[in-house]
>>> print(open('query.tsv').read())   # TSV, C-alpha atoms
chain	number	residue	atom	x	y	z
A	1	MET	CA	-30.62	128.91	146.48
A	2	ASN	CA	-32.06	125.64	147.75
A	3	ARG	CA	-34.70	124.31	145.35
A	4	LYS	CA	-35.52	120.85	146.67
A	5	ILE	CA	-39.00	119.63	145.68
A	6	VAL	CA	-40.68	116.66	147.39
A	7	THR	CA	-43.49	114.68	145.74
A	8	PHE	CA	-45.54	111.87	147.31
A	9	GLY	CA	-47.69	109.17	145.77
A	10	GLU	CA	-47.86	105.83	143.98
A	11	ILE	CA	-45.63	104.69	141.15
A	12	MET	CA	-46.86	101.74	139.12
A	13	LEU	CA	-45.70	99.26	136.54
A	14	ARG	CA	-47.22	100.33	133.22
A	15	LEU	CA	-48.02	97.60	130.69
A	16	ALA	CA	-48.98	99.09	127.32
A	17	THR	CA	-50.16	97.35	124.19
A	18	PRO	CA	-47.80	97.91	121.22
A	19	GLY	CA	-48.76	100.73	118.88
A	20	TYR	CA	-52.52	101.05	118.66
A	21	LEU	CA	-53.39	97.39	119.34
A	22	ARG	CA	-56.44	96.65	121.45
A	23	PHE	CA	-56.17	94.54	124.60
A	24	ALA	CA	-57.78	91.61	122.77
A	25	GLN	CA	-55.12	91.78	120.06
A	26	ALA	CA	-51.98	92.19	122.17
A	27	LYS	CA	-49.64	89.22	122.64
A	28	GLU	CA	-46.99	91.27	124.43
A	29	TYR	CA	-46.84	94.52	126.42
A	30	GLY	CA	-44.27	97.28	126.75
A	31	ALA	CA	-43.20	97.63	130.40
A	32	THR	CA	-42.31	101.02	131.87
A	33	PHE	CA	-43.02	102.77	135.18
A	34	GLY	CA	-45.15	105.80	135.92
A	35	GLY	CA	-47.45	107.59	138.35
A	36	GLY	CA	-48.61	111.17	138.79
A	37	GLU	CA	-46.21	112.41	141.46
A	38	ALA	CA	-43.26	110.37	140.18
A	39	ASN	CA	-43.82	111.84	136.72
A	40	VAL	CA	-43.60	115.35	138.21
A	41	ALA	CA	-40.39	114.45	140.04
A	42	VAL	CA	-38.79	113.16	136.83
A	43	SER	CA	-39.64	116.39	135.01
A	44	LEU	CA	-38.15	118.51	137.79
A	45	ALA	CA	-34.97	116.42	138.03
A	46	ASN	CA	-34.67	116.59	134.26
A	47	TYR	CA	-34.79	120.41	134.45
A	48	GLY	CA	-31.96	120.39	136.98
A	49	LEU	CA	-33.87	120.78	140.24
A	50	ASP	CA	-33.39	118.59	143.32
A	51	ALA	CA	-36.46	116.33	143.18
A	52	ASP	CA	-37.23	113.70	145.83
A	53	PHE	CA	-40.00	111.14	145.34
A	54	VAL	CA	-41.58	109.58	148.44
A	55	SER	CA	-43.61	106.38	148.28
A	56	ARG	CA	-43.92	102.87	149.69
A	57	LEU	CA	-42.87	99.87	147.63
A	58	PRO	CA	-42.55	96.14	148.33
A	59	ASP	CA	-39.16	94.56	148.92
A	60	ASN	CA	-38.87	92.65	145.66
A	61	ASP	CA	-37.07	92.77	142.32
A	62	ILE	CA	-39.80	94.63	140.42
A	63	ALA	CA	-39.78	97.43	142.99
A	64	GLU	CA	-35.99	97.48	142.82
A	65	ALA	CA	-36.17	97.88	139.04
A	66	CYS	CA	-38.59	100.78	139.56
A	67	ILE	CA	-36.23	102.49	141.99
A	68	MET	CA	-33.32	102.00	139.59
A	69	ASP	CA	-35.39	103.61	136.84
A	70	LEU	CA	-36.10	106.65	139.02
A	71	ARG	CA	-32.40	106.89	139.93
A	72	SER	CA	-31.51	106.86	136.24
A	73	HIS	CA	-33.54	110.06	135.88
A	74	LYS	CA	-31.75	111.69	138.85
A	75	VAL	CA	-34.76	111.50	141.15
A	76	GLY	CA	-34.02	111.15	144.86
A	77	VAL	CA	-35.31	107.83	146.20
A	78	SER	CA	-33.78	107.68	149.69
A	79	ASN	CA	-37.15	108.35	151.34
A	80	ILE	CA	-39.02	105.53	149.62
A	81	ILE	CA	-39.98	103.14	152.40
A	82	ARG	CA	-40.32	99.39	151.87
A	83	GLY	CA	-43.22	97.19	152.90
A	84	GLY	CA	-46.48	95.71	151.72
A	85	ASP	CA	-47.03	92.98	149.18
A	86	ARG	CA	-47.04	94.47	145.71
A	87	ILE	CA	-46.48	97.30	143.29
A	88	GLY	CA	-49.56	98.60	141.51
A	89	ILE	CA	-50.02	97.89	137.80
A	90	TYR	CA	-51.94	99.64	135.07
A	91	PHE	CA	-52.67	98.41	131.58
A	92	LEU	CA	-52.87	100.93	128.71
A	93	GLU	CA	-54.56	100.61	125.33
A	94	THR	CA	-53.75	103.66	123.20
A	95	GLY	CA	-56.71	105.01	121.24
A	96	ALA	CA	-56.75	106.35	117.71
A	97	VAL	CA	-58.93	108.92	115.97
A	98	ALA	CA	-62.52	108.27	117.20
A	99	ARG	CA	-61.52	105.41	119.53
A	100	ALA	CA	-60.52	106.60	123.00
A	101	SER	CA	-57.62	105.23	125.02
A	102	LYS	CA	-58.42	102.80	127.82
A	103	VAL	CA	-56.78	102.16	131.19
A	104	VAL	CA	-57.36	99.11	133.36
A	105	TYR	CA	-56.02	99.31	136.94
A	106	ASP	CA	-54.64	96.41	138.96
A	107	ARG	CA	-53.55	98.26	142.08
A	108	SER	CA	-55.76	97.04	144.94
A	109	ASN	CA	-53.80	96.48	148.17
A	110	SER	CA	-50.61	97.88	146.68
A	111	SER	CA	-47.86	98.86	149.10
A	112	ILE	CA	-48.78	102.54	149.08
A	113	ALA	CA	-52.48	101.73	149.62
A	114	THR	CA	-51.58	99.99	152.87
A	115	VAL	CA	-49.39	102.82	154.19
A	116	THR	CA	-50.30	104.13	157.66
A	117	LYS	CA	-49.79	107.39	159.49
A	118	GLY	CA	-46.43	107.61	161.23
A	119	GLN	CA	-44.55	105.30	158.85
A	120	ILE	CA	-42.92	108.22	157.01
A	121	ASP	CA	-40.79	110.71	158.94
A	122	TRP	CA	-42.03	113.82	157.19
A	123	ARG	CA	-39.87	116.22	159.17
A	124	ALA	CA	-36.79	114.37	157.99
A	125	VAL	CA	-38.16	114.16	154.44
A	126	PHE	CA	-38.78	117.92	154.31
A	127	LYS	CA	-35.31	118.87	155.55
A	128	ASP	CA	-33.98	121.56	153.16
A	129	ALA	CA	-37.11	121.33	150.97
A	130	VAL	CA	-39.00	124.36	149.68
A	131	TRP	CA	-41.96	122.66	147.97
A	132	PHE	CA	-44.30	119.68	148.51
A	133	HIS	CA	-46.51	118.27	145.75
A	134	TRP	CA	-49.30	115.68	145.87
A	135	THR	CA	-52.25	114.72	143.69
A	136	GLY	CA	-55.85	113.68	144.25
A	137	ILE	CA	-54.95	110.15	143.16
A	138	THR	CA	-53.17	109.37	146.43
A	139	PRO	CA	-56.05	109.98	148.88
A	140	ALA	CA	-58.32	108.00	146.54
A	141	LEU	CA	-56.32	104.81	147.14
A	142	SER	CA	-57.23	104.10	150.77
A	143	PRO	CA	-58.10	105.75	154.09
A	144	GLY	CA	-54.47	105.24	155.17
A	145	ALA	CA	-53.06	106.93	152.08
A	146	ALA	CA	-55.43	109.87	152.63
A	147	GLU	CA	-54.35	110.18	156.27
A	148	VAL	CA	-50.65	110.09	155.39
A	149	CYS	CA	-51.19	112.68	152.66
A	150	LEU	CA	-52.95	114.99	155.13
A	151	GLU	CA	-50.17	114.37	157.66
A	152	ALA	CA	-47.59	115.47	155.07
A	153	ILE	CA	-49.57	118.58	154.10
A	154	GLU	CA	-49.98	119.70	157.71
A	155	ILE	CA	-46.27	119.29	158.47
A	156	ALA	CA	-45.31	121.02	155.22
A	157	ASN	CA	-47.59	123.93	156.19
A	158	GLU	CA	-46.00	124.08	159.62
A	159	LEU	CA	-42.50	124.13	158.14
A	160	GLY	CA	-43.35	126.86	155.63
A	161	LEU	CA	-43.08	124.86	152.41
A	162	THR	CA	-45.13	125.80	149.36
A	163	VAL	CA	-47.73	123.07	148.89
A	164	SER	CA	-49.22	122.26	145.50
A	165	CYS	CA	-51.79	119.75	144.34
A	166	ASP	CA	-53.15	118.45	141.08
A	167	LEU	CA	-56.79	117.61	141.79
A	168	ASN	CA	-56.60	114.65	139.38
A	169	TYR	CA	-60.09	113.24	139.90
A	170	ARG	CA	-60.29	109.53	139.02
A	171	LYS	CA	-63.82	108.25	139.67
A	172	ASN	CA	-62.79	104.58	139.33
A	173	LEU	CA	-60.35	104.85	142.25
A	174	TRP	CA	-62.71	106.09	144.97
A	175	ARG	CA	-63.92	102.71	146.21
A	176	TYR	CA	-63.38	102.57	149.97
A	177	GLY	CA	-66.64	104.15	151.07
A	178	LYS	CA	-65.67	107.82	150.95
A	179	THR	CA	-66.15	110.19	148.03
A	180	ALA	CA	-63.66	112.73	146.75
A	181	SER	CA	-66.04	115.47	147.84
A	182	GLU	CA	-65.84	114.19	151.42
A	183	VAL	CA	-62.07	113.67	151.61
A	184	MET	CA	-60.44	116.26	149.36
A	185	PRO	CA	-61.51	119.59	150.95
A	186	ALA	CA	-59.48	119.05	154.15
A	187	LEU	CA	-56.37	118.34	152.07
A	188	VAL	CA	-56.85	121.11	149.51
A	189	GLU	CA	-57.29	123.64	152.33
A	190	GLY	CA	-53.53	123.34	152.95
A	191	CYS	CA	-52.51	124.14	149.37
A	192	ASP	CA	-50.91	127.31	148.02
A	193	VAL	CA	-51.05	126.26	144.34
A	194	ILE	CA	-53.91	124.23	142.84
A	195	LEU	CA	-54.04	122.69	139.37
A	196	GLY	CA	-57.14	121.16	137.84
A	197	ASN	CA	-59.30	120.91	134.77
A	198	GLU	CA	-62.98	121.59	134.35
A	199	GLU	CA	-63.94	118.02	135.28
A	200	ASP	CA	-61.81	117.96	138.44
A	201	CYS	CA	-63.35	121.13	139.82
A	202	GLU	CA	-66.89	120.13	138.93
A	203	LYS	CA	-66.81	116.50	140.08
A	204	VAL	CA	-65.04	117.18	143.38
A	205	PHE	CA	-66.29	120.64	144.37
A	206	GLY	CA	-69.29	121.33	142.13
A	207	ILE	CA	-67.50	124.30	140.55
A	208	LYS	CA	-67.76	124.67	136.78
A	209	PRO	CA	-67.66	127.26	133.99
A	210	GLU	CA	-71.08	128.20	132.73
A	211	GLY	CA	-72.11	126.56	129.48
A	212	PHE	CA	-68.91	124.56	128.96
A	213	ASP	CA	-68.99	120.98	127.65
A	214	ALA	CA	-65.58	119.35	127.17
A	215	SER	CA	-67.00	116.66	124.89
A	216	SER	CA	-68.18	119.19	122.31
A	217	THR	CA	-65.37	121.73	122.15
A	218	GLY	CA	-64.21	120.79	118.67
A	219	GLY	CA	-60.79	121.91	119.84
A	220	GLU	CA	-61.97	125.43	120.69
A	221	VAL	CA	-61.73	126.41	124.36
A	222	ASN	CA	-62.37	129.96	125.55
A	223	ALA	CA	-59.85	130.70	128.31
A	224	ALA	CA	-61.93	133.56	129.74
A	225	GLU	CA	-64.73	131.12	130.64
A	226	PHE	CA	-62.49	129.64	133.30
A	227	GLU	CA	-61.88	132.80	135.32
A	228	SER	CA	-65.04	132.04	137.29
A	229	VAL	CA	-63.70	128.56	138.14
A	230	CYS	CA	-60.49	130.11	139.46
A	231	THR	CA	-62.21	132.79	141.54
A	232	GLN	CA	-64.67	130.26	143.01
A	233	MET	CA	-61.84	127.89	143.95
A	234	ILE	CA	-59.81	130.63	145.64
A	235	LYS	CA	-62.90	131.79	147.53
A	236	ARG	CA	-63.48	128.21	148.67
A	237	PHE	CA	-59.81	127.70	149.61
A	238	PRO	CA	-58.43	131.07	150.75
A	239	ARG	CA	-54.89	129.76	151.35
A	240	CYS	CA	-54.56	129.22	147.59
A	241	LYS	CA	-52.46	131.94	145.94
A	242	LYS	CA	-52.49	130.57	142.40
A	243	MET	CA	-55.22	128.57	140.66
A	244	ILE	CA	-54.37	126.96	137.33
A	245	VAL	CA	-56.68	125.25	134.84
A	246	THR	CA	-55.47	123.18	131.91
A	247	LEU	CA	-57.47	123.62	128.70
A	248	ARG	CA	-57.65	120.59	126.42
A	249	GLY	CA	-59.73	120.73	123.27
A	250	ALA	CA	-60.34	117.21	122.01
A	251	ILE	CA	-60.74	116.94	118.24
A	252	ASN	CA	-60.03	113.22	118.33
A	253	ALA	CA	-57.72	110.79	120.16
A	254	ASN	CA	-54.72	111.84	118.04
A	255	HIS	CA	-55.45	115.54	117.67
A	256	ASN	CA	-55.92	117.91	120.61
A	257	THR	CA	-55.47	121.59	121.27
A	258	TRP	CA	-53.68	122.42	124.50
A	259	GLY	CA	-53.32	125.48	126.69
A	260	GLY	CA	-53.90	126.80	130.18
A	261	VAL	CA	-54.81	129.72	132.41
A	262	LEU	CA	-53.34	130.87	135.71
A	263	TYR	CA	-55.20	133.12	138.11
A	264	ALA	CA	-53.32	135.03	140.82
A	265	ASP	CA	-53.84	138.33	142.64
A	266	GLY	CA	-56.95	139.14	140.62
A	267	VAL	CA	-55.22	138.67	137.25
A	268	LEU	CA	-55.99	135.93	134.70
A	269	TYR	CA	-52.98	134.87	132.64
A	270	SER	CA	-53.59	132.89	129.45
A	271	SER	CA	-51.14	130.81	127.44
A	272	LYS	CA	-50.93	130.44	123.70
A	273	ARG	CA	-52.86	127.50	122.29
A	274	TYR	CA	-50.89	124.61	120.80
A	275	ASP	CA	-52.34	122.43	118.06
A	276	ILE	CA	-51.06	118.90	118.72
A	277	THR	CA	-51.94	117.04	115.53
A	278	HIS	CA	-50.16	113.70	116.03
A	279	ILE	CA	-50.17	112.61	119.66
A	280	VAL	CA	-47.62	109.94	120.52
A	281	ASP	CA	-48.62	109.47	124.18
A	282	ARG	CA	-50.86	111.78	126.21
A	283	VAL	CA	-50.55	109.81	129.48
A	284	GLY	CA	-48.71	112.03	131.93
A	285	GLY	CA	-49.66	115.19	130.06
A	286	GLY	CA	-51.09	116.86	133.16
A	287	ASP	CA	-48.10	115.75	135.24
A	288	SER	CA	-45.72	117.25	132.70
A	289	PHE	CA	-47.72	120.48	132.96
A	290	MET	CA	-47.35	120.43	136.75
A	291	GLY	CA	-43.64	119.70	136.53
A	292	GLY	CA	-43.18	122.60	134.14
A	293	LEU	CA	-45.32	124.87	136.31
A	294	ILE	CA	-43.37	124.14	139.50
A	295	TYR	CA	-40.11	124.66	137.63
A	296	GLY	CA	-41.40	127.95	136.25
A	297	LEU	CA	-42.71	129.26	139.56
A	298	VAL	CA	-39.44	128.36	141.31
A	299	SER	CA	-37.15	129.59	138.52
A	300	TYR	CA	-39.05	132.74	137.49
A	301	PRO	CA	-40.39	134.16	140.76
A	302	GLY	CA	-42.80	137.01	140.17
A	303	ASP	CA	-43.36	136.13	136.51
A	304	ASP	CA	-46.53	134.03	136.45
A	305	GLN	CA	-46.94	134.43	132.69
A	306	LYS	CA	-43.51	132.96	132.02
A	307	ALA	CA	-44.17	130.09	134.43
A	308	LEU	CA	-47.48	129.31	132.70
A	309	ASP	CA	-45.91	129.50	129.26
A	310	PHE	CA	-43.17	127.07	130.32
A	311	ALA	CA	-45.73	124.63	131.75
A	312	VAL	CA	-47.89	124.60	128.63
A	313	ALA	CA	-44.94	124.26	126.23
A	314	ALA	CA	-43.37	121.49	128.34
A	315	SER	CA	-46.61	119.51	128.39
A	316	CYS	CA	-47.16	120.11	124.68
A	317	LEU	CA	-43.80	118.42	124.05
A	318	LYS	CA	-44.71	115.56	126.40
A	319	HIS	CA	-47.43	114.52	123.95
A	320	THR	CA	-44.58	113.56	121.59
A	321	VAL	CA	-42.78	111.34	124.13
A	322	TYR	CA	-43.63	107.68	124.75
A	323	GLY	CA	-44.14	106.66	128.39
A	324	ASP	CA	-45.30	108.54	131.47
A	325	PHE	CA	-42.13	110.60	131.90
A	326	ASN	CA	-41.51	113.89	130.10
A	327	LEU	CA	-37.93	113.55	128.85
A	328	VAL	CA	-37.40	116.99	127.34
A	329	THR	CA	-34.86	119.66	128.25
A	330	VAL	CA	-35.29	123.25	129.40
A	331	ALA	CA	-33.72	124.38	126.11
A	332	GLU	CA	-36.25	122.40	124.07
A	333	VAL	CA	-39.13	123.91	126.03
A	334	GLU	CA	-37.73	127.42	125.66
A	335	ASN	CA	-37.27	126.93	121.91
A	336	LEU	CA	-40.92	125.94	121.56
A	337	ILE	CA	-41.99	128.99	123.58
A	338	LYS	CA	-40.01	131.14	121.13
A	339	GLY	CA	-41.96	129.60	118.27
A	340	ASP	CA	-39.64	126.85	117.02
A	341	GLY	CA	-42.06	124.00	116.55
A	342	SER	CA	-40.79	122.90	113.15
A	343	GLY	CA	-39.31	119.60	114.32
A	344	ARG	CA	-36.27	120.07	112.09
A	345	VAL	CA	-33.31	117.78	112.81
A	346	ALA	CA	-30.88	119.37	115.28
A	347	ARG	CA	-27.32	118.78	113.96
>>> encode(input="query.tsv", output="structure tokens")
Amino acid sequence: MNRKIVTFGEIMLRLATPGYLRFAQAKEYGATFGGGEANVAVSLANYGLDADFVSRLPDNDIAEACIMDLRSHKVGVSNIIRGGDRIGIYFLETGAVARASKVVYDRSNSSIATVTKGQIDWRAVFKDAVWFHWTGITPALSPGAAEVCLEAIEIANELGLTVSCDLNYRKNLWRYGKTASEVMPALVEGCDVILGNEEDCEKVFGIKPEGFDASSTGGEVNAAEFESVCTQMIKRFPRCKKMIVTLRGAINANHNTWGGVLYADGVLYSSKRYDITHIVDRVGGGDSFMGGLIYGLVSYPGDDQKALDFAVAASCLKHTVYGDFNLVTVAEVENLIKGDGSGRVAR
């Protein structure tokens, strides 16, 4: 069975302070690459699926290093187009206990932000594909990126691909005169599978669970509270077949609880709740969830509970992996689902 997945968006150079150093303390930075849709593609390729990442990068050595990195993870890069002046950069300061992590973006006028409609041959890109994934980060970058994203969604709909999105609201990115609430509905209308959290749904669409405050959960999140979010989203976007909400309970920067719910055909599926006591790197946690979810929905058709369980376990493990990419195997995810979270040495 053909299981080619296409993702589209920006990949950036990530410069992270060592350990838990603050920006003012750092004299050197760890350089890796990452970005929402690329992170999903790496997960899928790592699980053995045919994953193709589409973007626009400059024609220089840093972009070439980025492409080589994606190739090393078995991600298809043949549809990355070249042009523009620069690759985007983000700086990361990892928080600890009561101090939150910080991200500073340096991505204005990046190559993908200056993409225009018609530059990517989507019909050729989607040849033999069954799934297209995008996130709300891409249309936030520029009017051109939003237009190209909509172009891709409409062609994917026409060709019969499953279309998924991670709402991924980033208030600091919407700077070109349009709000997420103005731009996102037309794109989300073409989606079959939607992933979000309580902030995404509230900030973009004004949809929220009654009485929920993420800042005061103390790690306790009631999954049933989010059924109303799912039903409201599906009513707003009738094409959507499955609505998924990630449930993060923040105890402190190093200690979170993690789970999720999936709503489909009038049924609310809930995952087990993982207690992640020593977070190594939570950046890319939502992307690892999406990668696990797509893998589960493609690999276990008709078993939404199993797909959700795989997504939550995969993203739980991502919190133990440095960098944006989730470099865990299907076997490791399945072992965690079965209850093996001991961390004993595998010999």
>>> residues_around(input="query.tsv", residues="range 32-37 of chain A", least_positions_apart="6", cutoff="6 Å", atoms="only C-alpha atoms", output="list in words")
Thr7, Phe8, Gly9, Glu10, Ile11, Met12, Leu13, Arg14, Asp287 and Asp324 of chain A
>>> axis_aligned_box(input="query.tsv", around="range 151-154 of chain A", padding_each_side="8 Å", output="lines of an AutoDock Vina configuration file")
center_x = -48.9
center_y = 117.0
center_z = 155.9
size_x = 18.6
size_y = 21.3
size_z = 19.6
>>> residues_around(input="query.tsv", residues="range 123-134 of chain A", least_positions_apart="6", cutoff="9 Å", atoms="all atoms listed in the file", output="compact mmCIF listing (two decimals) with C-alpha atoms, keeping the file's coordinate frame")
# COMPACT_ATOMS: atom_id res chain seq x y z
CA ASN A 2 -32.06 125.64 147.75
CA ARG A 3 -34.70 124.31 145.35
CA LYS A 4 -35.52 120.85 146.67
CA ILE A 5 -39.00 119.63 145.68
CA VAL A 6 -40.68 116.66 147.39
CA THR A 7 -43.49 114.68 145.74
CA PHE A 8 -45.54 111.87 147.31
CA GLY A 9 -47.69 109.17 145.77
CA GLY A 36 -48.61 111.17 138.79
CA GLU A 37 -46.21 112.41 141.46
CA VAL A 40 -43.60 115.35 138.21
CA ASP A 50 -33.39 118.59 143.32
CA ASP A 52 -37.23 113.70 145.83
CA VAL A 54 -41.58 109.58 148.44
CA ASN A 79 -37.15 108.35 151.34
CA CYS A 149 -51.19 112.68 152.66
CA ALA A 152 -47.59 115.47 155.07
CA ILE A 153 -49.57 118.58 154.10
CA ILE A 155 -46.27 119.29 158.47
CA ALA A 156 -45.31 121.02 155.22
CA LEU A 159 -42.50 124.13 158.14
CA GLY A 160 -43.35 126.86 155.63
CA LEU A 161 -43.08 124.86 152.41
CA THR A 162 -45.13 125.80 149.36
CA VAL A 163 -47.73 123.07 148.89
CA SER A 164 -49.22 122.26 145.50
CA CYS A 165 -51.79 119.75 144.34
CA ASP A 166 -53.15 118.45 141.08
CA LEU A 167 -56.79 117.61 141.79
CA ILE A 294 -43.37 124.14 139.50
>>> residues_around(input="query.tsv", residues="range 296-304 of chain A", least_positions_apart="3", cutoff="12 Å", atoms="all atoms listed in the file", output="PDB file with C-alpha atoms, in the frame of the given file")
ATOM      1  CA  MET A   1     -30.620 128.910 146.480  1.00  0.00           C
ATOM      2  CA  ASN A   2     -32.060 125.640 147.750  1.00  0.00           C
ATOM      3  CA  ARG A   3     -34.700 124.310 145.350  1.00  0.00           C
ATOM      4  CA  LYS A   4     -35.520 120.850 146.670  1.00  0.00           C
ATOM      5  CA  ILE A   5     -39.000 119.630 145.680  1.00  0.00           C
ATOM      6  CA  SER A  43     -39.640 116.390 135.010  1.00  0.00           C
ATOM      7  CA  LEU A  44     -38.150 118.510 137.790  1.00  0.00           C
ATOM      8  CA  TYR A  47     -34.790 120.410 134.450  1.00  0.00           C
ATOM      9  CA  GLY A  48     -31.960 120.390 136.980  1.00  0.00           C
ATOM     10  CA  LEU A  49     -33.870 120.780 140.240  1.00  0.00           C
ATOM     11  CA  ASP A  50     -33.390 118.590 143.320  1.00  0.00           C
ATOM     12  CA  VAL A 130     -39.000 124.360 149.680  1.00  0.00           C
ATOM     13  CA  TRP A 131     -41.960 122.660 147.970  1.00  0.00           C
ATOM     14  CA  THR A 162     -45.130 125.800 149.360  1.00  0.00           C
ATOM     15  CA  SER A 164     -49.220 122.260 145.500  1.00  0.00           C
ATOM     16  CA  ASP A 192     -50.910 127.310 148.020  1.00  0.00           C
ATOM     17  CA  VAL A 193     -51.050 126.260 144.340  1.00  0.00           C
ATOM     18  CA  LYS A 241     -52.460 131.940 145.940  1.00  0.00           C
ATOM     19  CA  LYS A 242     -52.490 130.570 142.400  1.00  0.00           C
ATOM     20  CA  MET A 243     -55.220 128.570 140.660  1.00  0.00           C
ATOM     21  CA  ILE A 244     -54.370 126.960 137.330  1.00  0.00           C
ATOM     22  CA  VAL A 261     -54.810 129.720 132.410  1.00  0.00           C
ATOM     23  CA  LEU A 262     -53.340 130.870 135.710  1.00  0.00           C
ATOM     24  CA  TYR A 263     -55.200 133.120 138.110  1.00  0.00           C
ATOM     25  CA  ALA A 264     -53.320 135.030 140.820  1.00  0.00           C
ATOM     26  CA  ASP A 265     -53.840 138.330 142.640  1.00  0.00           C
ATOM     27  CA  VAL A 267     -55.220 138.670 137.250  1.00  0.00           C
ATOM     28  CA  LEU A 268     -55.990 135.930 134.700  1.00  0.00           C
ATOM     29  CA  TYR A 269     -52.980 134.870 132.640  1.00  0.00           C
ATOM     30  CA  SER A 270     -53.590 132.890 129.450  1.00  0.00           C
ATOM     31  CA  SER A 271     -51.140 130.810 127.440  1.00  0.00           C
ATOM     32  CA  PHE A 289     -47.720 120.480 132.960  1.00  0.00           C
ATOM     33  CA  MET A 290     -47.350 120.430 136.750  1.00  0.00           C
ATOM     34  CA  GLY A 291     -43.640 119.700 136.530  1.00  0.00           C
ATOM     35  CA  GLY A 292     -43.180 122.600 134.140  1.00  0.00           C
ATOM     36  CA  LEU A 293     -45.320 124.870 136.310  1.00  0.00           C
ATOM     37  CA  ALA A 307     -44.170 130.090 134.430  1.00  0.00           C
ATOM     38  CA  LEU A 308     -47.480 129.310 132.700  1.00  0.00           C
ATOM     39  CA  ASP A 309     -45.910 129.500 129.260  1.00  0.00           C
ATOM     40  CA  PHE A 310     -43.170 127.070 130.320  1.00  0.00           C
ATOM     41  CA  ALA A 311     -45.730 124.630 131.750  1.00  0.00           C
ATOM     42  CA  VAL A 312     -47.890 124.600 128.630  1.00  0.00           C
ATOM     43  CA  ALA A 313     -44.940 124.260 126.230  1.00  0.00           C
ATOM     44  CA  ALA A 314     -43.370 121.490 128.340  1.00  0.00           C
ATOM     45  CA  VAL A 330     -35.290 123.250 129.400  1.00  0.00           C
ATOM     46  CA  VAL A 333     -39.130 123.910 126.030  1.00  0.00           C
ATOM     47  CA  GLU A 334     -37.730 127.420 125.660  1.00  0.00           C
TER      48      GLU A 334
END
>>> atom_distance(input="query.tsv", atom1="CA of Phe53 in chain A", atom2="CA of Glu198 in chain A")
27.5 Å
>>> residues_around(input="query.tsv", residues="Arg86 in chain A", least_positions_apart="3", cutoff="12 Å", atoms="only C-alpha atoms", output="MDAnalysis selection string")
chainID A and resid 10:13 56:64 82:83 89 106:114
>>> closest_residue(input="query.tsv", among="A:Glu332, A:Asp121, A:Glu189, A:Asp200", to="Pro238 in chain A", atoms="all atoms listed in the file")
A:Glu189
>>> closest_residue(input="query.tsv", among="A:Val328, A:Ala146, A:Met68, A:Ile276", to="Ala250 in chain A", atoms="all atoms listed in the file")
A:Ile276
>>> closest_residue(input="query.tsv", among="A:Leu15, A:Leu150, A:Leu336, A:Ile207", to="Gln232 in chain A", atoms="all atoms listed in the file")
A:Ile207
>>> atom_distance(input="query.tsv", atom1="CA of Lys178 in chain A", atom2="CA of Arg248 in chain A")
28.8 Å
>>> atom_distance(input="query.tsv", atom1="CA of Thr320 in chain A", atom2="CA of Glu225 in chain A")
28.2 Å
